[in-house]
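The file input_39.cif contains mmCIF, C-alpha atoms and all ligand atoms:
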data_upload
#
loop_
_atom_site.label_atom_id
_atom_site.label_comp_id
_atom_site.auth_asym_id
_atom_site.auth_seq_id
_atom_site.Cartn_x
_atom_site.Cartn_y
_atom_site.Cartn_z
CA MET F 1 103.62 102.65 91.20
CA ASN F 2 104.91 104.79 94.07
CA ALA F 3 104.46 107.99 92.07
CA TYR F 4 100.85 106.92 91.51
CA ASP F 5 100.41 106.04 95.20
CA SER F 6 101.70 109.48 96.23
CA GLU F 7 99.02 111.00 93.98
CA LEU F 8 96.43 108.83 95.77
CA VAL F 9 97.68 110.00 99.18
CA LYS F 10 97.52 113.66 98.09
CA SER F 11 93.96 113.14 96.92
CA ILE F 12 92.91 111.46 100.19
CA LEU F 13 94.44 114.29 102.23
CA CYS F 14 92.95 117.06 100.07
CA LYS F 15 89.49 115.51 100.46
CA ASN F 16 90.05 115.84 104.21
CA ASN F 17 90.85 119.56 103.97
CA PHE F 18 94.62 119.36 103.91
CA GLU F 19 96.57 121.55 101.49
CA ILE F 20 99.65 120.31 99.70
CA THR F 21 102.83 122.39 99.90
CA ALA F 22 106.12 121.72 98.19
CA VAL F 23 107.93 123.76 100.88
CA ALA F 24 108.86 121.44 103.73
CA ASP F 25 109.37 124.36 106.17
CA GLU F 26 105.67 125.27 105.85
CA ALA F 27 104.36 121.77 106.40
CA GLU F 28 102.56 120.48 109.47
CA VAL F 29 102.73 116.93 108.16
CA VAL F 30 105.54 115.39 106.10
CA PHE F 31 105.19 112.00 104.44
CA LEU F 32 107.96 110.00 102.80
CA ASN F 33 106.61 107.41 100.39
CA THR F 34 109.17 104.64 100.34
CA CYS F 35 110.36 101.80 98.12
CA ALA F 36 111.85 98.53 99.36
CA ILE F 37 112.98 97.05 96.08
CA ARG F 38 116.70 97.75 96.57
CA GLU F 39 119.03 98.77 99.39
CA ASN F 40 119.75 102.02 97.57
CA ALA F 41 116.11 103.07 97.96
CA HIS F 42 116.37 102.45 101.72
CA SER F 43 119.54 104.51 101.98
CA LYS F 44 117.84 107.44 100.28
CA ILE F 45 115.09 107.41 102.90
CA TYR F 46 117.60 107.41 105.77
CA GLY F 47 119.17 110.44 104.07
CA ARG F 48 115.80 112.22 103.74
CA LEU F 49 114.92 111.52 107.36
CA GLY F 50 118.24 113.12 108.34
CA GLU F 51 117.36 116.15 106.20
CA ILE F 52 113.97 116.74 107.88
CA LYS F 53 115.24 116.20 111.44
CA HIS F 54 115.73 119.95 111.91
CA LEU F 55 112.07 120.57 110.98
CA LYS F 56 110.99 118.31 113.80
CA ARG F 57 113.32 120.16 116.21
CA LYS F 58 111.82 123.50 115.14
CA ASN F 59 108.22 122.31 115.30
CA LYS F 60 107.54 119.72 117.98
CA ARG F 61 104.01 119.19 116.61
CA LEU F 62 105.25 118.34 113.12
CA VAL F 63 103.87 114.94 112.13
CA VAL F 64 106.29 112.74 110.16
CA GLY F 65 104.98 109.66 108.39
CA LEU F 66 106.71 106.81 106.60
CA LEU F 67 104.53 105.26 103.90
CA GLY F 68 104.86 102.45 101.41
CA CYS F 69 106.85 99.28 100.99
CA MET F 70 109.83 100.08 103.22
CA ALA F 71 107.51 100.95 106.11
CA GLN F 72 105.55 97.74 105.47
CA ASN F 73 108.61 95.53 105.13
CA LEU F 74 110.58 96.82 108.13
CA ARG F 75 107.45 97.46 110.25
CA GLY F 76 109.11 100.12 112.33
CA GLY F 77 112.40 98.22 112.62
CA LEU F 78 114.41 101.05 111.09
CA LYS F 79 118.13 101.35 111.60
CA GLN F 80 118.07 105.05 112.45
CA ASN F 81 115.81 108.05 113.02
CA GLU F 82 112.88 105.83 113.98
CA ASN F 83 112.03 108.01 116.99
CA MET F 84 111.17 111.00 114.85
CA ILE F 85 108.53 109.05 112.86
CA ASP F 86 104.96 109.32 114.12
CA ILE F 87 103.09 107.31 111.48
CA PHE F 88 103.99 104.05 109.76
CA ALA F 89 101.54 103.00 107.04
CA GLY F 90 101.77 100.29 104.39
CA PRO F 91 100.39 100.61 100.84
CA ASP F 92 96.88 99.40 101.74
CA SER F 93 96.38 101.82 104.66
CA TYR F 94 96.31 105.20 102.96
CA LYS F 95 92.61 105.87 103.51
CA ARG F 96 93.30 105.82 107.27
CA LEU F 97 95.95 108.57 107.08
CA PRO F 98 93.67 111.51 108.03
CA ALA F 99 92.48 109.63 111.15
CA MET F 100 96.06 108.63 111.98
CA ILE F 101 97.22 112.27 111.76
CA ASP F 102 94.36 113.35 114.07
CA SER F 103 95.25 110.67 116.55
CA VAL F 104 98.95 111.65 116.64
CA LEU F 105 98.02 115.31 117.16
CA GLU F 106 95.52 114.47 119.89
CA THR F 107 97.42 111.82 121.82
CA GLY F 108 101.07 112.30 120.84
CA SER F 109 101.39 108.54 120.43
CA LYS F 110 102.68 106.76 117.35
CA GLU F 111 100.33 105.20 114.77
CA TYR F 112 101.00 101.99 112.89
CA ASP F 113 98.92 100.32 110.16
CA PHE F 114 100.42 97.43 108.26
CA SER F 115 97.20 95.64 107.39
CA LEU F 116 97.09 94.18 103.89
CA SER F 117 93.79 93.95 102.10
CA GLU F 118 92.57 91.41 99.56
CA PHE F 119 90.23 94.03 98.10
CA GLU F 120 91.63 97.56 98.43
CA ASP F 121 92.30 98.90 94.93
CA TYR F 122 91.66 102.63 95.54
CA SER F 123 89.38 102.73 92.51
CA ASP F 124 87.13 105.14 94.44
CA VAL F 125 90.00 107.65 94.81
CA TYR F 126 90.83 109.91 91.87
CA PRO F 127 94.56 110.70 92.19
CA LYS F 128 95.65 114.32 92.52
CA ARG F 129 98.09 114.74 89.66
CA LEU F 130 100.21 117.62 88.44
CA PRO F 131 99.25 118.66 84.92
CA GLY F 132 101.27 116.89 82.27
CA VAL F 133 101.23 114.72 79.19
CA ASN F 134 101.36 111.23 80.73
CA ALA F 135 99.22 109.92 83.60
CA TRP F 136 99.86 106.67 85.48
CA ILE F 137 96.90 104.43 86.25
CA ALA F 138 97.33 101.40 88.51
CA VAL F 139 94.98 98.79 87.05
CA MET F 140 95.89 96.18 89.63
CA ARG F 141 97.76 95.95 92.92
CA GLY F 142 99.85 93.28 94.64
CA CYS F 143 101.49 90.20 93.17
CA ASP F 144 101.11 86.44 93.58
CA ASN F 145 104.35 85.39 91.92
CA PHE F 146 106.79 85.27 94.86
CA CYS F 147 109.99 85.65 92.86
CA THR F 148 112.53 84.79 95.54
CA PHE F 149 114.35 88.15 95.45
CA CYS F 150 111.27 90.35 95.62
CA VAL F 151 109.44 92.00 98.54
CA VAL F 152 106.34 93.03 96.60
CA PRO F 153 104.09 90.06 97.55
CA TYR F 154 104.87 90.80 101.23
CA THR F 155 104.56 94.59 101.07
CA ARG F 156 101.68 94.96 98.59
CA GLY F 157 99.80 91.76 99.26
CA ARG F 158 97.75 89.53 96.98
CA GLU F 159 97.03 90.37 93.38
CA ARG F 160 93.69 92.10 92.70
CA SER F 161 92.44 93.93 89.62
CA ARG F 162 90.30 97.01 89.26
CA THR F 163 87.19 96.80 87.12
CA VAL F 164 87.39 97.76 83.45
CA GLU F 165 84.72 100.42 84.09
CA SER F 166 86.74 102.15 86.82
CA VAL F 167 89.89 102.26 84.66
CA VAL F 168 87.96 103.59 81.64
CA SER F 169 86.20 106.24 83.70
CA GLU F 170 89.56 107.42 85.14
CA THR F 171 90.97 107.54 81.59
CA GLU F 172 88.01 109.61 80.37
CA LYS F 173 88.54 112.16 83.14
CA LEU F 174 92.24 112.32 82.31
CA ALA F 175 91.47 113.00 78.65
CA GLN F 176 89.14 115.83 79.69
CA GLU F 177 91.94 117.29 81.81
CA GLY F 178 94.27 117.36 78.80
CA PHE F 179 96.41 114.28 79.36
CA ARG F 180 97.40 112.67 76.05
CA GLN F 181 98.93 109.42 77.23
CA VAL F 182 98.09 106.91 79.94
CA THR F 183 100.43 104.23 81.26
CA LEU F 184 98.63 101.26 82.78
CA LEU F 185 100.51 99.86 85.75
CA GLY F 186 100.58 96.50 87.46
CA GLN F 187 103.26 94.24 88.93
CA ASN F 188 102.23 91.64 86.37
CA VAL F 189 99.74 93.14 83.93
CA ASN F 190 99.11 89.93 82.02
CA SER F 191 97.49 88.51 85.16
CA TYR F 192 94.85 91.25 85.00
CA ARG F 193 91.34 89.73 85.28
CA SER F 194 88.04 91.44 85.94
CA ASN F 195 84.56 90.02 85.31
CA GLY F 196 85.74 87.91 82.37
CA SER F 197 87.98 90.61 80.85
CA ASP F 198 91.74 90.18 80.51
CA PHE F 199 94.46 92.74 79.93
CA ALA F 200 94.03 92.67 76.14
CA ASP F 201 90.32 93.50 76.56
CA LEU F 202 91.19 96.30 78.98
CA MET F 203 93.78 97.81 76.65
CA ARG F 204 91.33 97.71 73.74
CA VAL F 205 88.66 99.71 75.56
CA VAL F 206 91.13 102.19 77.05
CA THR F 207 92.35 103.06 73.55
CA GLU F 208 88.77 103.88 72.58
CA VAL F 209 88.76 106.90 74.91
CA ASP F 210 88.71 110.10 72.81
CA GLY F 211 91.56 112.50 73.48
CA ILE F 212 94.01 109.83 74.62
CA GLU F 213 96.54 109.40 71.82
CA ARG F 214 98.91 106.89 73.33
CA VAL F 215 98.59 103.97 75.74
CA ARG F 216 101.56 102.30 77.43
CA PHE F 217 101.75 99.50 79.96
CA THR F 218 104.23 98.06 82.39
CA SER F 219 105.18 95.33 83.23
CA PRO F 220 104.21 91.95 81.82
CA HIS F 221 105.72 88.73 83.21
CA PRO F 222 107.44 86.59 80.55
CA LYS F 223 105.77 83.41 81.87
CA ASP F 224 102.28 84.11 80.49
CA PHE F 225 102.42 86.57 77.62
CA PRO F 226 99.42 85.80 75.40
CA ASP F 227 99.26 86.15 71.59
CA LYS F 228 95.84 87.73 72.01
CA PHE F 229 97.47 90.72 73.65
CA LEU F 230 100.10 90.99 70.89
CA GLN F 231 97.31 90.99 68.28
CA VAL F 232 95.59 93.86 70.10
CA MET F 233 98.89 95.75 70.05
CA VAL F 234 99.27 95.26 66.31
CA GLU F 235 95.69 96.21 65.50
CA ASN F 236 95.65 99.30 67.67
CA PRO F 237 97.86 102.22 66.66
CA LYS F 238 97.35 103.98 69.99
CA ILE F 239 99.19 101.22 71.86
CA CYS F 240 102.87 102.11 71.79
CA ASN F 241 105.17 99.68 70.05
CA HIS F 242 107.14 98.99 73.19
CA VAL F 243 107.29 96.01 75.55
CA HIS F 244 109.25 96.10 78.79
CA LEU F 245 109.96 92.43 79.42
CA PRO F 246 111.99 91.69 82.57
CA LEU F 247 114.55 88.95 81.89
CA GLN F 248 116.36 89.21 85.29
CA ALA F 249 118.96 86.53 84.38
CA GLY F 250 120.02 84.44 81.38
CA SER F 251 121.09 81.31 83.27
CA ASP F 252 118.48 78.56 83.78
CA ARG F 253 120.03 77.66 87.13
CA ILE F 254 119.68 81.24 88.42
CA LEU F 255 116.21 81.69 86.89
CA ALA F 256 115.10 78.56 88.78
CA LYS F 257 116.58 79.90 92.04
CA MET F 258 114.74 83.16 91.41
CA ALA F 259 111.50 81.15 90.83
CA ARG F 260 110.90 83.03 87.58
CA THR F 261 109.19 79.91 86.08
CA TYR F 262 110.67 80.31 82.56
CA THR F 263 113.94 79.21 81.04
CA ARG F 264 116.39 81.12 78.92
CA ASP F 265 115.03 79.34 75.80
CA ASP F 266 111.42 80.16 76.75
CA PHE F 267 112.40 83.82 77.00
CA ILE F 268 114.24 83.85 73.66
CA GLU F 269 111.28 82.12 71.98
CA LEU F 270 108.93 84.72 73.46
CA VAL F 271 111.11 87.56 72.15
CA ASP F 272 111.09 85.98 68.67
CA ARG F 273 107.30 85.61 68.83
CA ILE F 274 106.81 89.24 69.94
CA ARG F 275 109.12 90.47 67.16
CA ASP F 276 107.30 88.31 64.58
CA ILE F 277 103.84 89.49 65.55
CA VAL F 278 104.69 93.14 66.34
CA PRO F 279 107.18 94.33 63.72
CA GLY F 280 109.56 97.07 64.83
CA VAL F 281 108.67 96.64 68.52
CA ALA F 282 111.12 98.19 70.99
CA LEU F 283 112.11 95.77 73.76
CA THR F 284 113.57 96.78 77.10
CA THR F 285 114.34 94.72 80.19
CA ASP F 286 115.45 94.44 83.83
CA ILE F 287 118.52 92.49 84.92
CA ILE F 288 119.79 91.49 88.36
CA ILE F 289 123.54 90.93 88.59
CA GLY F 290 125.12 88.79 91.31
CA PHE F 291 122.11 86.83 92.56
CA PRO F 292 123.35 84.35 95.24
CA THR F 293 125.59 81.60 93.82
CA GLU F 294 125.89 83.32 90.40
CA THR F 295 129.07 81.93 88.84
CA ASP F 296 131.15 83.34 85.99
CA ARG F 297 129.40 80.82 83.70
CA ASP F 298 125.92 81.96 84.86
CA PHE F 299 126.91 85.56 84.23
CA GLU F 300 128.26 84.71 80.76
CA GLU F 301 124.89 83.16 79.93
CA THR F 302 123.13 86.39 80.92
CA TYR F 303 125.65 88.32 78.80
CA GLU F 304 125.02 86.01 75.82
CA VAL F 305 121.23 86.38 76.02
CA MET F 306 121.53 90.18 76.30
CA ASP F 307 123.96 90.23 73.39
CA GLY F 308 121.77 87.98 71.25
CA ILE F 309 118.51 89.83 71.87
CA GLY F 310 119.89 93.38 71.79
CA PHE F 311 117.41 95.24 73.99
CA GLU F 312 116.88 98.91 73.20
CA SER F 313 117.68 99.71 76.83
CA SER F 314 117.74 97.98 80.19
CA TYR F 315 117.68 98.59 83.92
CA ILE F 316 120.60 96.64 85.34
CA PHE F 317 121.07 96.37 89.11
CA LYS F 318 123.30 94.56 91.54
CA TYR F 319 121.42 92.09 93.70
CA SER F 320 120.79 93.39 97.21
CA GLU F 321 119.24 91.25 99.93
CA ARG F 322 115.68 92.23 100.85
CA GLN F 323 114.55 91.34 104.34
CA ASN F 324 111.72 88.76 104.53
CA THR F 325 112.13 87.45 100.98
CA ILE F 326 112.70 83.76 100.20
CA ALA F 327 116.21 84.53 98.91
CA PHE F 328 117.00 86.36 102.16
CA LYS F 329 116.00 83.29 104.16
CA LYS F 330 117.48 80.60 101.91
CA HIS F 331 120.34 82.00 99.83
CA PRO F 332 123.12 84.02 101.49
CA ASP F 333 124.28 87.02 99.42
CA ASP F 334 127.58 85.34 98.54
CA VAL F 335 128.78 87.06 95.36
CA PRO F 336 131.55 89.49 96.38
CA GLU F 337 130.86 93.18 95.75
CA GLU F 338 133.86 93.59 93.46
CA VAL F 339 132.67 90.67 91.30
CA LYS F 340 129.20 92.25 91.03
CA THR F 341 130.84 95.54 90.04
CA GLU F 342 133.02 93.91 87.38
CA ARG F 343 129.99 92.10 85.90
CA ILE F 344 127.69 95.11 85.96
CA VAL F 345 130.28 97.28 84.23
CA ARG F 346 130.56 94.69 81.43
CA LEU F 347 126.78 94.60 81.00
CA PHE F 348 126.54 98.41 81.04
CA GLU F 349 129.12 98.56 78.26
CA LEU F 350 127.27 95.92 76.25
CA GLN F 351 123.95 97.72 76.72
CA LYS F 352 125.48 101.03 75.70
CA ARG F 353 126.69 99.49 72.44
CA LYS F 354 123.28 97.89 71.79
CA SER F 355 121.39 101.11 72.60
CA LEU F 356 123.67 103.14 70.35
CA ALA F 357 123.26 100.65 67.49
CA ALA F 358 119.46 100.63 67.94
CA ASN F 359 119.34 104.43 67.98
CA GLN F 360 121.63 104.73 64.97
CA ARG F 361 119.25 102.49 63.01
CA GLU F 362 116.62 105.22 63.50
CA VAL F 363 118.79 107.89 61.83
CA GLY F 364 117.22 108.84 58.50
CA SER F 365 113.78 107.57 59.51
CA THR F 366 110.66 109.55 60.32
CA LEU F 367 109.13 108.94 63.74
CA GLU F 368 106.00 110.10 65.49
CA VAL F 369 106.90 111.96 68.67
CA LEU F 370 104.72 113.04 71.58
CA VAL F 371 106.08 116.38 72.82
CA GLU F 372 106.64 116.32 76.58
CA GLY F 373 108.05 119.77 77.33
CA ARG F 374 111.19 121.83 77.38
CA SER F 375 114.56 120.15 77.56
CA LYS F 376 116.01 120.24 81.07
CA LYS F 377 119.35 121.47 79.70
CA THR F 378 118.19 124.46 77.68
CA ASP F 379 114.92 126.24 76.99
CA LYS F 380 115.90 126.40 73.32
CA GLU F 381 115.03 122.73 72.86
CA TRP F 382 111.98 120.52 73.21
CA ILE F 383 111.93 116.92 74.24
CA GLY F 384 109.48 114.27 73.18
CA ARG F 385 109.22 110.49 73.10
CA THR F 386 108.86 107.98 70.31
CA GLU F 387 106.48 105.05 70.59
CA GLY F 388 109.51 102.96 71.51
CA ASN F 389 110.00 105.27 74.54
CA LYS F 390 113.15 106.90 73.13
CA ILE F 391 113.82 110.52 73.98
CA VAL F 392 114.04 112.86 71.00
CA VAL F 393 115.44 116.38 71.25
CA PHE F 394 114.68 119.07 68.67
CA GLU F 395 115.15 122.82 68.38
CA LYS F 396 112.27 124.96 69.55
CA ALA F 397 112.90 127.49 66.80
CA LEU F 398 111.97 124.88 64.17
CA THR F 399 108.29 124.61 65.08
CA ALA F 400 105.59 126.22 67.17
CA CYS F 401 104.39 123.35 69.32
CA ARG F 402 103.26 122.64 72.83
CA ALA F 403 103.52 119.81 75.30
CA GLY F 404 101.01 117.17 74.27
CA ASP F 405 101.37 117.72 70.50
CA LEU F 406 102.12 114.78 68.23
CA LEU F 407 104.75 115.60 65.61
CA ARG F 408 106.53 113.80 62.83
CA LEU F 409 110.28 114.20 63.14
CA GLN F 410 113.06 113.28 60.78
CA ILE F 411 115.82 111.72 62.90
CA ASN F 412 119.22 113.19 62.03
CA ALA F 413 121.58 111.99 64.74
CA ALA F 414 121.73 109.65 67.72
CA THR F 415 123.65 108.87 70.88
CA ALA F 416 123.08 105.80 73.06
CA ASN F 417 120.47 107.72 75.11
CA THR F 418 118.99 110.32 72.81
CA LEU F 419 117.77 110.89 69.26
CA PHE F 420 118.00 114.31 67.59
CA GLY F 421 115.55 115.35 64.92
CA GLU F 422 113.61 118.05 63.13
CA PRO F 423 109.91 118.36 62.33
CA ILE F 424 109.11 117.50 58.74
CA ALA F 425 105.45 118.43 58.49
CA THR F 426 102.75 120.25 60.34
CA HIS F 427 101.49 118.77 63.56
CA LEU F 428 99.75 115.45 63.44
CA LYS F 429 97.56 116.38 66.39
CA LEU F 430 97.47 119.55 68.42
CA THR F 431 96.65 119.61 72.05
CA GLU F 432 93.70 121.83 72.93
CA LYS F 433 94.02 122.19 76.65
CA ALA F 434 97.64 121.89 77.63
CA ASP F 435 99.73 124.97 78.21
CA GLU F 436 103.45 124.73 77.90
CA PHE F 437 104.37 122.44 80.77
CA SER F 438 107.74 123.18 82.23
CA SER F 439 108.39 119.47 82.55
CA CYS F 440 106.40 116.30 82.75
S1 LIG R 1 106.50 89.26 89.33
FE1 LIG R 1 108.18 88.74 90.75
S2 LIG R 1 109.54 90.53 90.60
FE2 LIG R 1 107.57 91.19 89.76
S3 LIG R 1 106.51 92.09 91.54
FE3 LIG R 1 105.86 89.93 91.41
S4 LIG R 1 107.25 88.84 92.82
FE4 LIG R 1 108.17 90.86 92.38
#

Would you encode the structure as structure tokens?
Ligand code: SF4
Amino acid sequence: MNAYDSELVKSILCKNNFEITAVADEAEVVFLNTCAIRENAHSKIYGRLGEIKHLKRKNKRLVVGLLGCMAQNLRGGLKQNENMIDIFAGPDSYKRLPAMIDSVLETGSKEYDFSLSEFEDYSDVYPKRLPGVNAWIAVMRGCDNFCTFCVVPYTRGRERSRTVESVVSETEKLAQEGFRQVTLLGQNVNSYRSNGSDFADLMRVVTEVDGIERVRFTSPHPKDFPDKFLQVMVENPKICNHVHLPLQAGSDRILAKMARTYTRDDFIELVDRIRDIVPGVALTTDIIIGFPTETDRDFEETYEVMDGIGFESSYIFKYSERQNTIAFKKHPDDVPEEVKTERIVRLFELQKRKSLAANQREVGSTLEVLVEGRSKKTDKEWIGRTEGNKIVVFEKALTACRAGDLLRLQINAATANTLFGEPIATHLKLTEKADEFSSC
């Protein structure tokens, strides 16, 4: 979502005659788009502010802005380097950035805008993207769920959906520009509603756009995952066979404290239903370790659910207190750091075994792969992704292809993170517009 928001900001600035440079030394304005979801994301921003301090010393007129959820959540109450920041703007204030820059340059005073909007969805701004294979499209903003650990409802405001027409028209433009895949984004995509259409309706019409070969989405909330959507997935080959379904914890007691509104059994039943309706679907998840009061027994329950389901991969994080959340106010962060570390290491090991087993099951099979670009390690290899979002590496010498091509690959080997394969036939679909992208 932040990558998409940065593309929106670039577009807004370019429309107001700014040029984008990747060289910080050349810049007259530097923005850091921030995330508040974990403490680690905050620490990174303090590090980046330290890095650009010398630019401000060299150029007294340099305008430095802090954007996004961290700016919104802390509202200027930073622990360090606050003096060097001229602009603080939350996620709903980006259209005001050109005026805020002018004001700082004219008056030298600081600018703040933390207003949250019930309506702003930026559907009138076409993001300025780098060329590539995949494009993100935010189809909704905000969240109404108030999970107790999460800052999003406070930093991004109430849930609102873009119209189907605006999402389809953005997708059509993307197809014309050579993008082959779109990923529809929302904090809780199954809450998407617009003029009588739900997320299943939206997905159906997006897949009808010529030139787009794959459609992904993230993330649904396990509490209201409708069969209608699963049917659309099954019927529509362009929708990737992958569902990212955040579990967060496997203990009913902790799920209740998190206000996730489902139980462990509800989640397991949902997984069974998804696997029944969408055969071969790849499932991935998010887990929080060490939520306040998590006991050894609670953790074992999370471990058991993870073990039983066997996700293809997962994002596992230690709980970190987020200012202004319900958990911050009501539940002290009381699980010792070393206990969190011990538990997370056990879950990492379990996930590694599950990912390796899932990848090894693919060995010998033939998978459709969307080529993304050259491998970062060597220019002798390509990388692509399966529908299940697994990375596949194959030798460049084996086929003449370009980023954006769809290939069939025979999978010959696997590690926990990567599949290795070789093309077995001519291209399924060639890209017409894309050059070889160095990365995506
Ligand atoms: S569903 Fe919960 S975790 Fe996800 S963004 Fe909303 S409040 Fe945060």

Restrict the calculation to all atoms listed in the file, then for each residue of range 136-168 of chain F with any atom at most 10 Å from an atom of range 108-118 of chain F give the closest atom pair and their distance in Å to one decimal, rows by chain and rising residue number, as a tab-separated table.
residue	atom	partner	partner_atom	distance
F:Arg141	CA	F:Glu118	CA	9.6
F:Gly142	CA	F:Glu118	CA	9.0
F:Tyr154	CA	F:Leu116	CA	8.9
F:Thr155	CA	F:Leu116	CA	8.0
F:Arg156	CA	F:Leu116	CA	7.1
F:Gly157	CA	F:Leu116	CA	5.9
F:Arg158	CA	F:Glu118	CA	6.1
F:Glu159	CA	F:Glu118	CA	7.7
F:Arg160	CA	F:Glu118	CA	7.0

Write the residues of the selection above to a file with C-alpha atoms, as a compact mmCIF listing (two decimals), in the coordinates of the input.
# COMPACT_ATOMS: atom_id res chain seq x y z
CA ARG F 141 97.76 95.95 92.92
CA GLY F 142 99.85 93.28 94.64
CA TYR F 154 104.87 90.80 101.23
CA THR F 155 104.56 94.59 101.07
CA ARG F 156 101.68 94.96 98.59
CA GLY F 157 99.80 91.76 99.26
CA ARG F 158 97.75 89.53 96.98
CA GLU F 159 97.03 90.37 93.38
CA ARG F 160 93.69 92.10 92.70

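Taking only C-alpha atoms and all ligand atoms into account, ligand LIG 1 (chain R) lies nearest to F:Asp144 out of the set F:Glu338, F:Asp144, F:Glu381, F:Glu422.
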
_ligand LIG 1 (chain R): which residues are within 6 Å, counting only C-alpha atoms and all ligand atoms? Reply as an MDAnalysis selection string._
chainID F and resid 143 145:147 150 152:153 187:188

*Contacts of Lys95 in chain F at 10 Å or less, counting only C-alpha atoms, minus same-chain residues fewer than 2 places along, as a PyMOL selection string?*
chain F and resi 8-9+11-13+91-93+97-100+120+122+125

*Provide the CA of Val339 in chain F to CA of Gln248 in chain F distance in Å, to one decimal place.*
17.4 Å

*asked:* Let me make sure I understand: among F:Phe299, F:Phe420, F:Phe229, F:Phe149, which one has the smallest atom-to-atom distance to Ser320 in chain F if we use all atoms listed in the file?
replied: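 Comparing F:Phe299, F:Phe420, F:Phe229, F:Phe149 against Ser320 in chain F, the winner is F:Phe149.
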
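Across the model, the gap from CA of Val182 in chain F to CA of Trp136 in chain F is 5.8 Å.
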
*Which residues, written as an MDAnalysis selection string, have at least one atom at most 12 Å from range 49-55 of chain F, with only C-alpha atoms counted and residues fewer than 2 positions away on the same chain left out?*
chainID F and resid 23:34 42:47 57:66 78:85

Centre and edge lengths, as lines of an AutoDock Vina configuration file, for the axis-aligned box enclosing every listed atom of range 375-383 of chain F with 3 Å of padding on each of the six sides, in Å to one decimal?
center_x = 115.6
center_y = 121.7
center_z = 77.0
size_x = 13.4
size_y = 15.5
size_z = 14.2

*Can you tell me, as a PyMOL selection string, which residues sit within 12 Å of (121.3, 85.1, 71.6) in the file's frame, using all atoms listed in the file?*
chain F and resi 250+264-265+267-269+271-272+300-311

*Which residue gives the smallest distance to Met203 in chain F among F:Glu235, F:Glu177, F:Glu294, F:Asp405, with only C-alpha atoms counted?*
F:Glu235

*Smallest atom-to-atom distance to His331 in chain F: which of F:Ala357, F:Thr293, F:Tyr262, F:Ser314, using all atoms listed in the file?*
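Among F:Ala357, F:Thr293, F:Tyr262, F:Ser314, it is F:Thr293 that comes nearest to His331 in chain F.
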
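Proximity of F:Gln360, F:Thr285, F:Arg402, F:Asp379 to Thr418 in chain F, computed with only C-alpha atoms, is greatest for F:Gln360.
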
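The space between CA of Pro237 in chain F and CA of Arg214 in chain F spans 8.2 Å.
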
Neighbourhood query: residues within 12 Å of (110.8, 94.5, 70.0), file coordinates, counting all atoms listed in the file; return as a PDB file with C-alpha atoms, in the frame of the given file.
ATOM      1  CA  LEU F 230     100.100  90.990  70.890  1.00  0.00           C
ATOM      2  CA  MET F 233      98.890  95.750  70.050  1.00  0.00           C
ATOM      3  CA  CYS F 240     102.870 102.110  71.790  1.00  0.00           C
ATOM      4  CA  ASN F 241     105.170  99.680  70.050  1.00  0.00           C
ATOM      5  CA  HIS F 242     107.140  98.990  73.190  1.00  0.00           C
ATOM      6  CA  VAL F 243     107.290  96.010  75.550  1.00  0.00           C
ATOM      7  CA  HIS F 244     109.250  96.100  78.790  1.00  0.00           C
ATOM      8  CA  LEU F 245     109.960  92.430  79.420  1.00  0.00           C
ATOM      9  CA  ILE F 268     114.240  83.850  73.660  1.00  0.00           C
ATOM     10  CA  LEU F 270     108.930  84.720  73.460  1.00  0.00           C
ATOM     11  CA  VAL F 271     111.110  87.560  72.150  1.00  0.00           C
ATOM     12  CA  ASP F 272     111.090  85.980  68.670  1.00  0.00           C
ATOM     13  CA  ARG F 273     107.300  85.610  68.830  1.00  0.00           C
ATOM     14  CA  ILE F 274     106.810  89.240  69.940  1.00  0.00           C
ATOM     15  CA  ARG F 275     109.120  90.470  67.160  1.00  0.00           C
ATOM     16  CA  ASP F 276     107.300  88.310  64.580  1.00  0.00           C
ATOM     17  CA  ILE F 277     103.840  89.490  65.550  1.00  0.00           C
ATOM     18  CA  VAL F 278     104.690  93.140  66.340  1.00  0.00           C
ATOM     19  CA  PRO F 279     107.180  94.330  63.720  1.00  0.00           C
ATOM     20  CA  GLY F 280     109.560  97.070  64.830  1.00  0.00           C
ATOM     21  CA  VAL F 281     108.670  96.640  68.520  1.00  0.00           C
ATOM     22  CA  ALA F 282     111.120  98.190  70.990  1.00  0.00           C
ATOM     23  CA  LEU F 283     112.110  95.770  73.760  1.00  0.00           C
ATOM     24  CA  THR F 284     113.570  96.780  77.100  1.00  0.00           C
ATOM     25  CA  THR F 285     114.340  94.720  80.190  1.00  0.00           C
ATOM     26  CA  ILE F 309     118.510  89.830  71.870  1.00  0.00           C
ATOM     27  CA  GLY F 310     119.890  93.380  71.790  1.00  0.00           C
ATOM     28  CA  PHE F 311     117.410  95.240  73.990  1.00  0.00           C
ATOM     29  CA  GLU F 312     116.880  98.910  73.200  1.00  0.00           C
ATOM     30  CA  SER F 313     117.680  99.710  76.830  1.00  0.00           C
ATOM     31  CA  ALA F 358     119.460 100.630  67.940  1.00  0.00           C
ATOM     32  CA  GLU F 387     106.480 105.050  70.590  1.00  0.00           C
ATOM     33  CA  GLY F 388     109.510 102.960  71.510  1.00  0.00           C
ATOM     34  CA  ASN F 389     110.000 105.270  74.540  1.00  0.00           C
TER      35      ASN F 389
END
